[in-house]
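Text of the file final16.txt, holding compact mmCIF, C-alpha atoms:
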# COMPACT_ATOMS: atom_id res chain seq x y z
CA MET W 300 -3.28 -19.52 12.54
CA PRO W 301 -1.29 -16.75 14.28
CA VAL W 302 0.95 -18.34 16.90
CA THR W 303 -0.43 -17.96 20.44
CA GLU W 304 1.10 -18.44 23.88
CA SER W 305 -1.45 -21.17 24.54
CA GLN W 306 0.09 -23.25 21.76
CA GLY W 307 3.33 -23.39 23.70
CA LEU W 308 5.54 -22.66 20.66
CA SER W 309 8.92 -20.99 21.05
CA THR W 310 8.81 -19.51 17.55
CA ARG W 311 8.28 -15.77 17.77
CA SER W 312 4.97 -14.51 16.34
CA ALA W 313 4.97 -11.18 14.52
CA TRP W 314 1.20 -10.97 14.97
CA ARG W 315 1.51 -11.46 18.72
CA ASP W 316 3.89 -8.52 18.80
CA VAL W 317 1.24 -6.16 17.39
CA PRO W 318 -0.06 -3.92 20.19
CA PRO W 319 -3.47 -5.09 21.43
CA VAL W 320 -5.01 -1.70 20.68
CA LEU W 321 -4.10 -2.09 17.00
CA VAL W 322 -5.44 -5.64 16.93
CA ARG W 323 -8.78 -4.46 18.36
CA GLN W 324 -8.91 -1.58 15.91
CA PHE W 325 -8.13 -3.91 13.02
CA ALA W 326 -10.86 -6.32 14.09
CA GLU W 327 -13.48 -3.56 14.49
CA LEU W 328 -12.76 -2.13 11.04
CA ALA W 329 -12.76 -5.60 9.46
CA LEU W 330 -16.06 -6.58 11.10
CA ASP W 331 -17.63 -3.34 9.89
CA GLU W 332 -16.51 -4.27 6.37
CA VAL W 333 -17.80 -7.85 6.50
CA PRO W 334 -21.37 -7.28 5.12
CA ALA W 335 -20.20 -5.22 2.13
CA LEU W 336 -17.13 -7.42 1.62
CA ALA W 337 -19.29 -10.56 1.59
CA GLN W 338 -21.53 -8.99 -1.07
CA ASP W 339 -18.49 -8.04 -3.17
CA ILE W 340 -17.01 -11.52 -2.89
CA LEU W 341 -20.30 -13.18 -3.89
CA ARG W 342 -20.66 -10.81 -6.85
CA GLU W 343 -17.13 -11.62 -8.06
CA ILE W 344 -17.72 -15.34 -7.64
CA ARG W 345 -20.93 -15.21 -9.67
CA ALA W 346 -19.16 -13.24 -12.39
CA GLU W 347 -16.37 -15.83 -12.49
CA TYR W 348 -18.73 -18.83 -12.21
CA PRO W 349 -22.04 -17.79 -13.83
CA GLY W 350 -23.46 -21.33 -13.67
CA LEU W 351 -23.28 -21.48 -9.88
CA PRO W 352 -26.78 -22.27 -8.53
CA VAL W 353 -28.40 -19.86 -6.10
CA VAL W 354 -29.70 -21.63 -2.98
CA LEU W 355 -31.78 -19.58 -0.55
CA ASP W 356 -32.30 -20.17 3.15
CA GLU W 357 -35.69 -19.97 4.89
CA SER W 358 -35.57 -16.18 4.99
CA GLY W 359 -34.78 -15.92 1.27
CA GLU W 360 -31.12 -14.93 1.75
CA PRO W 361 -28.55 -16.73 -0.43
CA MET W 362 -26.83 -19.51 1.50
CA ALA W 363 -23.53 -18.62 -0.18
CA LEU W 364 -23.75 -15.06 1.17
CA ILE W 365 -24.44 -16.36 4.68
CA GLY W 366 -21.49 -18.72 4.45
CA ILE W 367 -19.09 -16.02 3.24
CA ARG W 368 -20.22 -13.62 5.94
CA ARG W 369 -19.91 -16.18 8.73
CA ALA W 370 -16.51 -17.33 7.50
CA LEU W 371 -15.21 -13.73 7.49
CA GLU W 372 -16.64 -13.03 10.93
CA GLY W 373 -15.19 -16.26 12.32
CA PHE W 374 -11.73 -15.49 10.99
CA VAL W 375 -11.68 -11.90 12.23
CA GLN W 376 -12.97 -12.84 15.68
CA GLN W 377 -10.34 -15.52 15.95
CA ILE W 378 -7.35 -13.32 15.06
CA ALA W 379 -8.63 -10.66 17.45
CA SER W 380 -8.51 -13.11 20.35
CA ALA W 381 -5.84 -15.36 21.77
CA GLU W 382 -7.88 -18.42 20.77
CA GLY W 383 -5.69 -20.91 18.95
CA ARG W 384 -8.46 -23.24 17.75
CA PRO W 385 -10.37 -21.99 14.68
CA CYS W 386 -14.14 -21.86 14.73
CA TYR W 387 -15.80 -22.70 11.41
CA PRO W 388 -19.45 -22.29 10.34
CA LEU W 389 -19.73 -26.08 10.05
CA GLU W 390 -23.29 -26.53 8.82
CA VAL W 391 -22.96 -23.98 6.00
CA PHE W 392 -19.77 -25.32 4.48
CA GLN W 393 -20.74 -28.94 4.93
CA GLU W 394 -23.94 -28.07 3.08
CA PHE W 395 -21.89 -26.55 0.27
CA GLY W 396 -20.00 -29.83 -0.03
CA ARG W 397 -23.23 -31.85 0.04
CA GLY W 398 -24.62 -29.64 -2.72
CA GLU W 399 -21.62 -30.31 -4.96
CA GLY W 400 -21.97 -34.03 -4.41
CA LEU W 401 -25.72 -34.14 -5.00
CA HIS W 402 -25.40 -32.16 -8.23
CA GLY W 403 -22.70 -34.47 -9.54
CA ARG W 404 -19.93 -31.86 -9.54
CA SER W 405 -16.40 -32.33 -8.26
CA LEU W 406 -14.88 -30.47 -5.32
CA ASP W 407 -12.34 -28.78 -7.61
CA SER W 408 -14.71 -26.00 -8.61
CA LEU W 409 -15.77 -25.41 -5.00
CA GLN W 410 -12.15 -25.15 -3.84
CA ALA W 411 -11.41 -22.72 -6.68
CA ILE W 412 -14.32 -20.57 -5.49
CA TYR W 413 -12.97 -20.64 -1.93
CA ARG W 414 -9.53 -19.57 -3.10
CA LEU W 415 -11.06 -16.70 -5.07
CA GLY W 416 -12.96 -15.59 -1.98
CA VAL W 417 -9.81 -15.68 0.17
CA ARG W 418 -7.86 -13.59 -2.33
CA LEU W 419 -10.59 -10.96 -2.43
CA ALA W 420 -10.91 -10.93 1.36
CA TRP W 421 -7.17 -10.65 1.84
CA ARG W 422 -6.99 -7.68 -0.51
CA ARG W 423 -9.41 -5.76 1.73
CA LEU W 424 -7.81 -6.91 5.00
CA ALA W 425 -4.41 -5.83 3.70
CA GLU W 426 -5.82 -2.35 2.98
CA ILE W 427 -7.10 -2.14 6.56
CA GLY W 428 -3.75 -3.29 7.93
CA GLN W 429 -1.94 -0.67 5.89
CA GLN W 430 -4.44 2.00 6.95
CA ILE W 431 -3.72 1.50 10.68
CA GLU W 432 -0.04 0.74 10.08
CA ILE W 433 0.22 -2.87 11.20
CA PRO W 434 3.79 -4.05 10.41
CA PRO W 435 4.16 -6.05 7.15
CA PRO W 436 5.61 -9.19 8.89
CA ALA W 437 2.46 -9.40 10.99
CA MET W 438 0.28 -9.08 7.88
CA TYR W 439 2.30 -11.79 6.13
CA GLU W 440 1.62 -14.05 9.07
CA LEU W 441 -2.03 -13.10 8.89
CA ALA W 442 -2.10 -14.10 5.20
CA GLU W 443 -0.71 -17.53 6.08
CA SER W 444 -3.40 -17.86 8.74
CA GLY W 445 -6.05 -17.04 6.13
CA PHE W 446 -5.01 -19.91 3.91
CA GLU W 447 -4.88 -22.26 6.89
CA TYR W 448 -8.39 -21.13 7.71
CA LEU W 449 -9.35 -21.89 4.10
CA ASP W 450 -8.04 -25.43 4.53
CA GLY W 451 -10.39 -25.88 7.46
CA LEU W 452 -13.37 -24.71 5.40
CA VAL W 453 -12.42 -27.11 2.62
CA ASP W 454 -12.23 -29.97 5.14
CA GLN W 455 -15.80 -29.24 6.21
CA SER W 456 -16.98 -29.21 2.60
CA VAL W 457 -15.17 -32.48 1.91
CA ARG W 458 -17.08 -34.06 4.79
CA GLY W 459 -20.36 -32.87 3.38
CA TYR W 460 -19.35 -34.03 -0.09
CA ALA W 461 -18.41 -37.50 1.17
CA GLU W 462 -21.70 -37.75 3.04
CA ALA W 463 -23.68 -36.86 -0.09
CA ALA W 464 -21.63 -39.26 -2.21
CA ALA W 465 -22.28 -42.12 0.22
CA ARG W 466 -25.97 -41.30 0.32
CA GLN W 467 -26.16 -41.18 -3.46
CA ALA W 468 -24.27 -44.44 -3.82
CA GLY W 469 -26.66 -46.14 -1.40
CA GLU W 470 -29.69 -44.77 -3.23
CA ARG W 471 -28.29 -45.86 -6.59
CA LEU W 472 -27.70 -49.39 -5.30
CA ARG W 473 -31.26 -49.52 -3.96
CA LEU W 474 -32.71 -48.38 -7.28
CA GLN W 475 -30.43 -50.77 -9.14
CA ARG W 476 -31.72 -53.69 -7.06
CA LYS W 477 -35.30 -52.66 -7.79
CA LEU W 478 -34.48 -52.57 -11.50
CA MET W 479 -32.97 -56.05 -11.35
CA GLU W 480 -35.94 -57.40 -9.41
CA LEU W 481 -38.33 -56.16 -12.07
CA LEU W 482 -36.11 -57.39 -14.88
CA LEU W 483 -35.92 -60.89 -13.36
CA ALA W 484 -39.50 -61.03 -12.06
CA GLU W 485 -40.56 -63.89 -14.33
CA ARG W 486 -39.09 -66.50 -12.03
CA ARG W 487 -41.65 -65.68 -9.32
CA GLY W 488 -44.33 -67.44 -11.32
CA ASP W 489 -42.08 -69.92 -13.09
CA SER W 490 -42.17 -73.29 -11.42
CA GLY W 491 -39.06 -74.37 -13.34
CA SER W 492 -36.80 -71.96 -11.56
CA GLY W 493 -37.03 -73.61 -8.18
CA THR W 494 -36.62 -70.28 -6.37
CA SER W 495 -38.65 -67.23 -5.45
CA ALA W 496 -37.81 -63.67 -6.37
CA ASP W 497 -36.84 -60.98 -3.88
CA SER W 498 -38.90 -58.34 -5.69
CA ASP W 499 -41.24 -56.15 -3.67
CA SER W 500 -43.19 -55.32 -6.82
CA GLY W 501 -46.54 -57.03 -7.26
CA SER W 502 -46.29 -56.75 -11.05
CA GLY W 503 -44.31 -59.98 -11.34
CA ALA W 504 -46.67 -62.19 -9.35
CA GLY W 505 -48.51 -64.82 -11.36
CA ALA W 506 -46.59 -64.02 -14.51
CA GLY W 507 -46.26 -67.69 -15.40
CA SER W 508 -44.24 -68.27 -18.52
CA HIS W 509 -44.66 -64.67 -19.66
CA SER W 510 -41.85 -62.39 -18.57
CA ALA W 511 -42.98 -59.34 -16.62
CA SER W 512 -40.86 -57.18 -18.89
CA ARG W 513 -42.99 -58.23 -21.90
CA ARG W 514 -46.18 -56.66 -20.59
CA PRO W 515 -46.75 -53.00 -21.57
CA GLY W 516 -47.16 -51.77 -18.00
CA ALA W 517 -44.10 -53.64 -16.77
CA ARG W 518 -42.07 -52.48 -19.76
CA SER W 519 -42.94 -48.87 -18.89
CA ALA W 520 -41.84 -49.45 -15.28
CA LEU W 521 -38.65 -51.04 -16.55
CA ASP W 522 -37.90 -48.01 -18.73
CA GLU W 523 -38.53 -45.69 -15.77
CA ARG W 524 -36.33 -47.61 -13.34
CA ALA W 525 -33.54 -47.96 -15.90
CA ALA W 526 -33.63 -44.21 -16.53
CA ARG W 527 -33.37 -43.47 -12.80
CA VAL W 528 -30.03 -45.29 -12.58
CA GLY W 529 -28.85 -44.13 -16.00
CA TRP W 530 -28.92 -47.65 -17.49
CA GLN W 531 -29.67 -47.88 -21.18
CA LEU W 532 -31.87 -50.89 -21.89
CA PRO W 533 -29.91 -53.31 -24.11
CA GLU W 534 -31.29 -55.69 -26.72
CA ARG W 535 -29.69 -58.74 -25.12
CA VAL W 536 -28.41 -59.62 -21.66
CA ALA W 537 -26.75 -62.46 -19.79
CA VAL W 538 -27.41 -62.96 -16.09
CA GLY W 539 -24.75 -64.21 -13.72
CA VAL W 540 -24.82 -65.80 -10.27
CA LEU W 541 -21.68 -65.53 -8.14
CA LEU W 542 -20.20 -67.47 -5.24
CA ARG W 543 -18.42 -65.29 -2.69
CA PRO W 544 -14.73 -66.13 -2.23
CA ALA W 545 -15.11 -64.81 1.35
CA ARG W 546 -17.96 -63.40 3.39
CA GLU W 547 -16.51 -59.86 3.36
CA ALA W 548 -15.26 -60.01 -0.24
CA VAL W 549 -15.12 -56.66 -2.04
CA ALA W 550 -17.50 -56.40 -4.98
CA PRO W 551 -15.82 -57.09 -8.33
CA ALA W 552 -15.15 -53.98 -10.46
CA VAL W 553 -17.49 -55.03 -13.25
CA GLY W 554 -17.95 -51.51 -14.66
CA GLN W 555 -20.89 -49.13 -14.74
CA GLY W 556 -22.79 -50.90 -17.51
CA VAL W 557 -23.15 -54.15 -15.53
CA LEU W 558 -25.89 -54.28 -12.91
CA LEU W 559 -24.64 -55.93 -9.72
CA ASP W 560 -26.60 -56.90 -6.61
CA MET W 561 -24.32 -57.83 -3.71
CA GLU W 562 -27.12 -57.96 -1.11
CA THR W 563 -28.18 -61.54 -1.84
CA GLU W 564 -26.42 -64.61 -0.46
CA GLN W 565 -25.26 -65.40 -3.98
CA PRO W 566 -24.67 -62.05 -5.74
CA ARG W 567 -26.28 -61.59 -9.12
CA MET W 568 -25.34 -59.47 -12.10
CA VAL W 569 -26.94 -58.50 -15.39
CA VAL W 570 -24.48 -58.09 -18.25
CA PRO W 571 -25.74 -55.92 -21.14
CA ASP W 572 -24.76 -56.88 -24.70
CA PRO W 573 -22.71 -59.86 -23.46
CA GLU W 574 -21.52 -60.74 -26.97
CA ALA W 575 -20.14 -57.26 -27.70
CA ALA W 576 -16.49 -57.08 -28.70
CA GLY W 577 -14.20 -57.19 -25.68
CA ARG W 578 -16.98 -57.85 -23.15
CA PRO W 579 -16.07 -61.51 -22.34
CA GLU W 580 -12.40 -60.63 -21.87
CA LEU W 581 -13.28 -57.64 -19.68
CA LEU W 582 -15.48 -59.81 -17.46
CA ARG W 583 -12.76 -62.45 -17.24
CA ARG W 584 -10.27 -59.88 -15.94
CA THR W 585 -12.62 -58.14 -13.51
CA MET W 586 -13.99 -61.39 -12.07
CA ALA W 587 -10.57 -62.79 -11.13
CA GLY W 588 -10.80 -64.47 -7.73
CA TRP W 589 -14.55 -65.04 -8.00
CA SER W 590 -16.46 -68.13 -9.08
CA GLY W 591 -19.96 -68.59 -10.41
CA ALA W 592 -21.75 -68.85 -13.72
CA ILE W 593 -23.06 -66.55 -16.42
CA GLY W 594 -26.21 -67.70 -18.18
CA PRO W 595 -26.66 -67.75 -21.95
CA PRO W 596 -27.25 -64.46 -23.83
CA VAL W 597 -30.98 -63.87 -24.28
CA PRO W 598 -33.29 -61.04 -25.35
CA LEU W 599 -33.89 -58.53 -22.55
CA ALA W 600 -37.43 -59.82 -22.01
CA ASP W 601 -36.06 -63.31 -21.28
CA ALA W 602 -33.49 -62.28 -18.66
CA ALA W 603 -35.08 -64.62 -16.10
CA LYS W 604 -34.32 -67.60 -18.35
CA SER W 605 -30.63 -66.72 -18.40
CA LEU W 606 -30.74 -66.43 -14.61
CA ARG W 607 -32.33 -69.87 -14.34
CA TRP W 608 -29.49 -71.51 -16.25
CA ALA W 609 -26.87 -69.64 -14.24
CA GLU W 610 -28.48 -70.84 -11.01
CA ALA W 611 -28.54 -74.40 -12.36
CA ALA W 612 -24.85 -74.18 -13.24
CA VAL W 613 -23.95 -72.90 -9.78
CA ARG W 614 -25.82 -75.80 -8.18
CA LEU W 615 -23.78 -78.22 -10.29
CA MET W 616 -20.58 -76.38 -9.32
CA GLU W 617 -21.45 -76.74 -5.64
CA ARG W 618 -21.89 -80.50 -6.20
CA GLY W 619 -18.52 -80.73 -7.93
CA LEU W 620 -20.08 -81.59 -11.31
CA LEU W 621 -18.83 -78.41 -13.03
CA PRO W 622 -15.43 -76.70 -12.63
CA SER W 623 -15.20 -74.32 -9.69
CA GLY W 624 -12.80 -71.50 -8.90
CA GLU W 625 -13.78 -69.40 -11.89
CA VAL W 626 -16.78 -67.71 -13.46
CA LEU W 627 -17.82 -70.09 -16.22
CA HIS W 628 -20.16 -69.46 -19.15
CA CYS W 629 -23.15 -71.76 -19.46
CA THR W 630 -22.80 -71.80 -23.25
CA GLU W 631 -19.48 -73.64 -22.81
CA HIS W 632 -21.08 -76.36 -20.65
CA THR W 633 -24.32 -77.01 -22.50
CA GLU W 634 -24.00 -80.81 -22.42
CA ALA W 635 -23.63 -80.93 -18.65
CA LEU W 636 -26.47 -78.49 -18.06
CA VAL W 637 -28.84 -80.32 -20.40
CA LEU W 638 -28.01 -83.81 -19.14
CA LEU W 639 -27.48 -83.18 -15.43
CA GLN W 640 -30.11 -80.57 -14.65
CA PRO W 641 -33.28 -82.74 -15.12
CA GLU W 642 -31.76 -85.33 -12.78
CA GLU W 643 -34.93 -87.26 -11.92
CA LEU W 644 -35.92 -87.71 -15.58
CA ILE W 645 -32.42 -88.81 -16.61
CA GLU W 646 -32.24 -91.28 -13.72
CA ASP W 647 -35.60 -92.77 -14.63
CA LEU W 648 -34.51 -93.17 -18.25
CA ALA W 649 -31.17 -94.66 -17.14
CA ARG W 650 -32.91 -97.20 -14.93
CA ARG W 651 -34.96 -98.45 -17.89
CA CYS W 652 -32.24 -98.25 -20.54
CA LEU W 653 -29.49 -99.86 -18.46
CA ALA W 654 -31.65 -102.55 -16.89
CA PRO W 655 -29.72 -105.32 -18.76
CA LEU W 656 -26.64 -104.42 -16.68
CA ALA W 657 -28.45 -105.08 -13.40
CA HIS W 658 -27.18 -108.68 -13.19
CA CYS W 659 -23.57 -107.78 -14.00
CA GLY W 660 -21.10 -107.02 -11.26
CA PRO W 661 -20.34 -103.31 -10.63
CA ALA W 662 -16.86 -103.41 -12.18
CA HIS W 663 -17.87 -105.53 -15.18
CA GLY W 664 -21.05 -103.51 -15.68
CA ARG W 665 -18.99 -100.33 -15.74
CA ARG W 666 -16.61 -101.75 -18.34
CA LEU W 667 -19.50 -102.79 -20.55
CA ALA W 668 -21.13 -99.38 -20.18
CA GLU W 669 -17.89 -97.61 -21.15
CA THR W 670 -17.48 -99.88 -24.17
CA LEU W 671 -21.08 -99.34 -25.23
CA LEU W 672 -20.71 -95.57 -25.00
CA ALA W 673 -17.45 -95.62 -26.99
CA TRP W 674 -19.15 -97.72 -29.67
CA LEU W 675 -22.20 -95.43 -29.79
CA GLU W 676 -19.97 -92.34 -30.11
CA THR W 677 -17.70 -93.75 -32.81
CA ARG W 678 -19.97 -96.31 -34.58
CA GLY W 679 -16.66 -97.88 -35.57
CA GLY W 680 -15.29 -101.37 -35.40
CA ALA W 681 -13.32 -103.02 -32.63
CA PRO W 682 -10.00 -101.32 -33.51
CA GLU W 683 -11.53 -97.81 -33.33
CA VAL W 684 -13.34 -98.53 -30.06
CA ALA W 685 -10.22 -100.19 -28.60
CA ALA W 686 -8.10 -97.14 -29.46
CA ARG W 687 -10.66 -94.91 -27.76
CA LEU W 688 -10.69 -97.04 -24.60
CA GLY W 689 -7.00 -97.87 -24.54
CA VAL W 690 -7.58 -101.67 -24.53
CA HIS W 691 -6.90 -104.56 -26.93
CA PRO W 692 -9.32 -104.95 -29.92
CA GLN W 693 -10.00 -108.55 -28.91
CA THR W 694 -11.21 -107.33 -25.51
CA VAL W 695 -13.60 -104.97 -27.29
CA ARG W 696 -14.92 -107.76 -29.54
CA TYR W 697 -15.67 -109.87 -26.47
CA ARG W 698 -17.48 -107.01 -24.75
CA LEU W 699 -19.48 -106.08 -27.86
CA ARG W 700 -20.73 -109.69 -28.12
CA GLN W 701 -21.88 -109.49 -24.51
CA ILE W 702 -23.60 -106.15 -25.18
CA ARG W 703 -25.53 -107.65 -28.11
CA GLU W 704 -26.53 -110.61 -25.95
CA LEU W 705 -27.82 -108.24 -23.25
CA TRP W 706 -29.67 -105.74 -25.46
CA GLY W 707 -30.33 -107.75 -28.59
CA ASP W 708 -31.68 -105.89 -31.57
CA GLU W 709 -32.39 -102.80 -29.42
CA VAL W 710 -28.85 -101.54 -30.06
CA ASP W 711 -29.73 -101.27 -33.74
CA ASP W 712 -32.79 -99.10 -33.11
CA PRO W 713 -31.90 -95.35 -33.63
CA ASP W 714 -34.20 -94.15 -30.85
CA ARG W 715 -32.87 -96.66 -28.34
CA ARG W 716 -29.27 -95.88 -29.31
CA PHE W 717 -29.98 -92.18 -28.72
CA GLU W 718 -31.42 -92.88 -25.26
CA LEU W 719 -28.50 -95.12 -24.35
CA GLU W 720 -25.95 -92.53 -25.40
CA LEU W 721 -27.87 -89.84 -23.50
CA VAL W 722 -27.89 -91.67 -20.15
CA LEU W 723 -24.33 -92.96 -20.54
CA ARG W 724 -23.02 -89.45 -21.28
CA ALA W 725 -24.84 -88.19 -18.18
CA ARG W 726 -23.14 -90.87 -16.07
CA ARG W 727 -19.76 -89.97 -17.50
CA LEU W 728 -20.35 -86.29 -16.66
CA ARG W 729 -21.09 -87.32 -13.07
CA GLY W 730 -17.82 -89.27 -12.95
CA GLU W 731 -19.51 -92.69 -12.85
CA LEU W 732 -17.81 -93.72 -16.12
CA GLY W 733 -14.23 -93.17 -17.19
CA ARG W 734 -13.20 -90.71 -19.86
CA ALA W 735 -12.16 -92.10 -23.23
CA VAL W 736 -8.50 -91.83 -24.15
Represent the structure from my file as structure tokens, please.
Amino acid sequence: MPVTESQGLSTRSAWRDVPPVLVRQFAELALDEVPALAQDILREIRAEYPGLPVVLDESGEPMALIGIRRALEGFVQQIASAEGRPCYPLEVFQEFGRGEGLHGRSLDSLQAIYRLGVRLAWRRLAEIGQQIEIPPPAMYELAESGFEYLDGLVDQSVRGYAEAAARQAGERLRLQRKLMELLLAERRGDSGSGTSADSDSGSGAGAGSHSASRRPGARSALDERAARVGWQLPERVAVGVLLRPAREAVAPAVGQGVLLDMETEQPRMVVPDPEAAGRPELLRRTMAGWSGAIGPPVPLADAAKSLRWAEAAVRLMERGLLPSGEVLHCTEHTEALVLLQPEELIEDLARRCLAPLAHCGPAHGRRLAETLLAWLETRGGAPEVAARLGVHPQTVRYRLRQIRELWGDEVDDPDRRFELELVLRARRLRGELGRAV
């Protein structure tokens, strides 16, 4: 702005040297020109930017015209006084910024419009200055003040734009959560999931084994909610459950196509087309530093089933039964999920199948169990089993004789062999048996 005495600057101001009578005359002529000048500026802007929407105030006057007029008046009144602090029409220009944000446009076009308006205004102000013979150095200083004033208007629009962007982002996240709740609503009526959904929609209640997204009404609601967040319904999805590396951890940059809900204690995500080329690698990179599990790929209507497996995998991770420190894929840990998830059933089967070991000491019983599992997995002779266990073949022959004494002909029955291998593999996954060499 023109340098004033109140700013305490030693630099000489050409504008301050203009006689006060000329300054008042300049201001009066400029203010008289403001209504017509504002109309001219708006007309030129519309010609340059024909797609600019027309927003009217309560009286039916274009908001843009009001903003231009107030900006011109504010600038002229400021340069006519000794006031060093600019006064901007805050609400108007913040509203312009909010409008750009809400309509999905960038601030670049709005700033270009402002610059056009300043150039047109300066042309007319320069004519007035020449008319009353204000010295050129003073007018040059006035031009600099005009562009500083423009910066202030842009700042107000940026504030409005940021406010609108934050509001839109919050609304999008809310709608996205609603979409995920509907998509995963099956688990509300599925006793196998062990959890309850966070959905506020009654459509998922009592769904039983039928996914809410299979029913015509729910499918229509799913289409509507997906459209509101711009999410194209995929054929297949995989659902992930995440463990926060820290309470205030920043959300992973999973990309626009992946639905992410960070509001739950364990964040969830829905990955569309998880088997598409490049998708697994992209997720691996973007999920660096996070841990959790991604369920198996399933048809869209079965998204809740993928979630159920991801939740099961996370529970095993928390117990130390699956690797932690990364986001693992359930399809790469099928054995553990199948054998460790139905824990009560496996334990009951183990108690019956391994009853012959009850009278052996813990250490000896473990060695026999490891030998039995190695034999069941290889179906080889003593040398093959010994190589697998890293012991002498004679030791294996001794143990195999004991195993046949304990189980008898049951070890020759295919069904019993299958059950034995099942429970022994489960114990090895839990770390109760050693790994074969």
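The two atoms in question, CA of Ala592 in chain W and CA of Ser605 in chain W, are spaced 10.3 Å apart.
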If we count all atoms listed in the file, what is near Ile367 in chain W at a cut-off of 9 Å, once residues fewer than 2 positions away on the same chain are taken out, given as an MDAnalysis selection string?
chainID W and resid 333 336:338 340:341 362:365 369:372 416
So which residues touch Gly428 in chain W within 9 Å, counting all atoms listed in the file, skipping near sequence neighbours fewer than 5 positions away, as an MDAnalysis selection string?
chainID W and resid 325 423 433:435 438
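In this comparison, which uses all atoms listed in the file, the residue of W:Gly556, W:Pro655, W:Gly660, W:Pro361 approaching Gly707 in chain W most closely is W:Pro655.
The shortest atom-to-atom distance to Asp572 in chain W, with all atoms listed in the file taken into account, belongs to W:Glu534 out of W:Glu534, W:Glu547, W:Asp711, W:Asp454.
In this comparison, which uses all atoms listed in the file, the residue of W:Ala545, W:Glu610, W:Thr630, W:Ala525 approaching Gly588 in chain W most closely is W:Ala545.
Of the listed residues (W:Glu426, W:Glu523, W:Glu718, W:Asp708), W:Glu718 comes nearest to Asp647 in chain W; the distances count only C-alpha atoms.
Comparing the minimum interatomic distances between Ala411 in chain W and each of W:Val528, W:Ile344, W:Leu441, W:Ala313, counting all atoms listed in the file, we find that W:Ile344 sits nearest.
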Give me, as an MDAnalysis selection string, all polymer residues having an atom no more than 7 Å from Leu542 in chain W, counting only C-alpha atoms and skipping those fewer than 3 positions away in the same chain.
chainID W and resid 565 589:591
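Neighbouring residues of Val322 in chain W at 9 Å or closer, counting all atoms listed in the file and skipping chain neighbours under 6 positions away, are Trp314, Ile378, Ala379, Ser380 and Ile433 of chain W.
For the atom pair formed by CA of Glu631 in chain W and CA of Val613 in chain W, the distance is 13.8 Å, given to one decimal.
Minimum distance to Val375 in chain W across W:Asp339, W:Asp331, W:Glu731, W:Glu347 (counting only C-alpha atoms) occurs at W:Asp331.
Neighbours of Arg543 in chain W closer than or equal to 12 Å, with all atoms listed in the file counted and sequence neighbours fewer than 6 positions away skipped, come out as Val549, Ala550, Pro551, Met561, Glu562, Thr563, Glu564, Gln565, Pro566, Arg567, Met586, Ala587, Gly588, Trp589, Ser590, Gly591, Val613, Ser623, Gly624, Glu625 and Val626 of chain W.
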What separates CA of Glu709 in chain W and CA of Arg727 in chain W is a distance of 21.6 Å
Grab all the atoms of range 681-694 of chain W that the file lists, wrap them in a box along x, y and z, add 6 Å per side, and give me centre plus edge lengths in Å (one decimal) as lines of an AutoDock Vina configuration file.
center_x = -10.1
center_y = -101.7
center_z = -29.0
size_x = 18.4
size_y = 25.6
size_z = 21.0
Emit a file covering range 536-545 of chain W of the preceding structure with N, CA and C atoms, as a tab-separated table (two decimals), in the first residue's frame.
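Contents of decode-v7.tsv, as written:
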chain	number	residue	atom	x	y	z
W	536	VAL	N	-13.86	-57.62	-4.62
W	536	VAL	CA	-13.19	-56.77	-3.63
W	536	VAL	C	-12.44	-57.65	-2.65
W	537	ALA	N	-11.52	-57.01	-1.94
W	537	ALA	CA	-10.87	-57.63	-0.77
W	537	ALA	C	-10.94	-56.61	0.35
W	538	VAL	N	-11.25	-57.05	1.53
W	538	VAL	CA	-11.43	-56.14	2.67
W	538	VAL	C	-10.27	-56.31	3.63
W	539	GLY	N	-9.71	-55.20	4.05
W	539	GLY	CA	-8.57	-55.22	4.96
W	539	GLY	C	-8.90	-54.65	6.33
W	540	VAL	N	-8.19	-55.14	7.33
W	540	VAL	CA	-8.27	-54.61	8.70
W	540	VAL	C	-6.85	-54.24	9.10
W	541	LEU	N	-6.68	-53.02	9.61
W	541	LEU	CA	-5.35	-52.50	9.91
W	541	LEU	C	-5.12	-52.30	11.41
W	542	LEU	N	-3.87	-52.41	11.79
W	542	LEU	CA	-3.45	-52.12	13.17
W	542	LEU	C	-2.63	-50.84	13.13
W	543	ARG	N	-3.02	-49.85	13.93
W	543	ARG	CA	-2.34	-48.56	13.88
W	543	ARG	C	-0.92	-48.68	14.43
W	544	PRO	N	0.07	-48.15	13.69
W	544	PRO	CA	1.44	-48.14	14.22
W	544	PRO	C	1.57	-47.17	15.39
W	545	ALA	N	0.70	-46.16	15.44
W	545	ALA	CA	0.67	-45.19	16.55
W	545	ALA	C	-0.74	-44.60	16.58
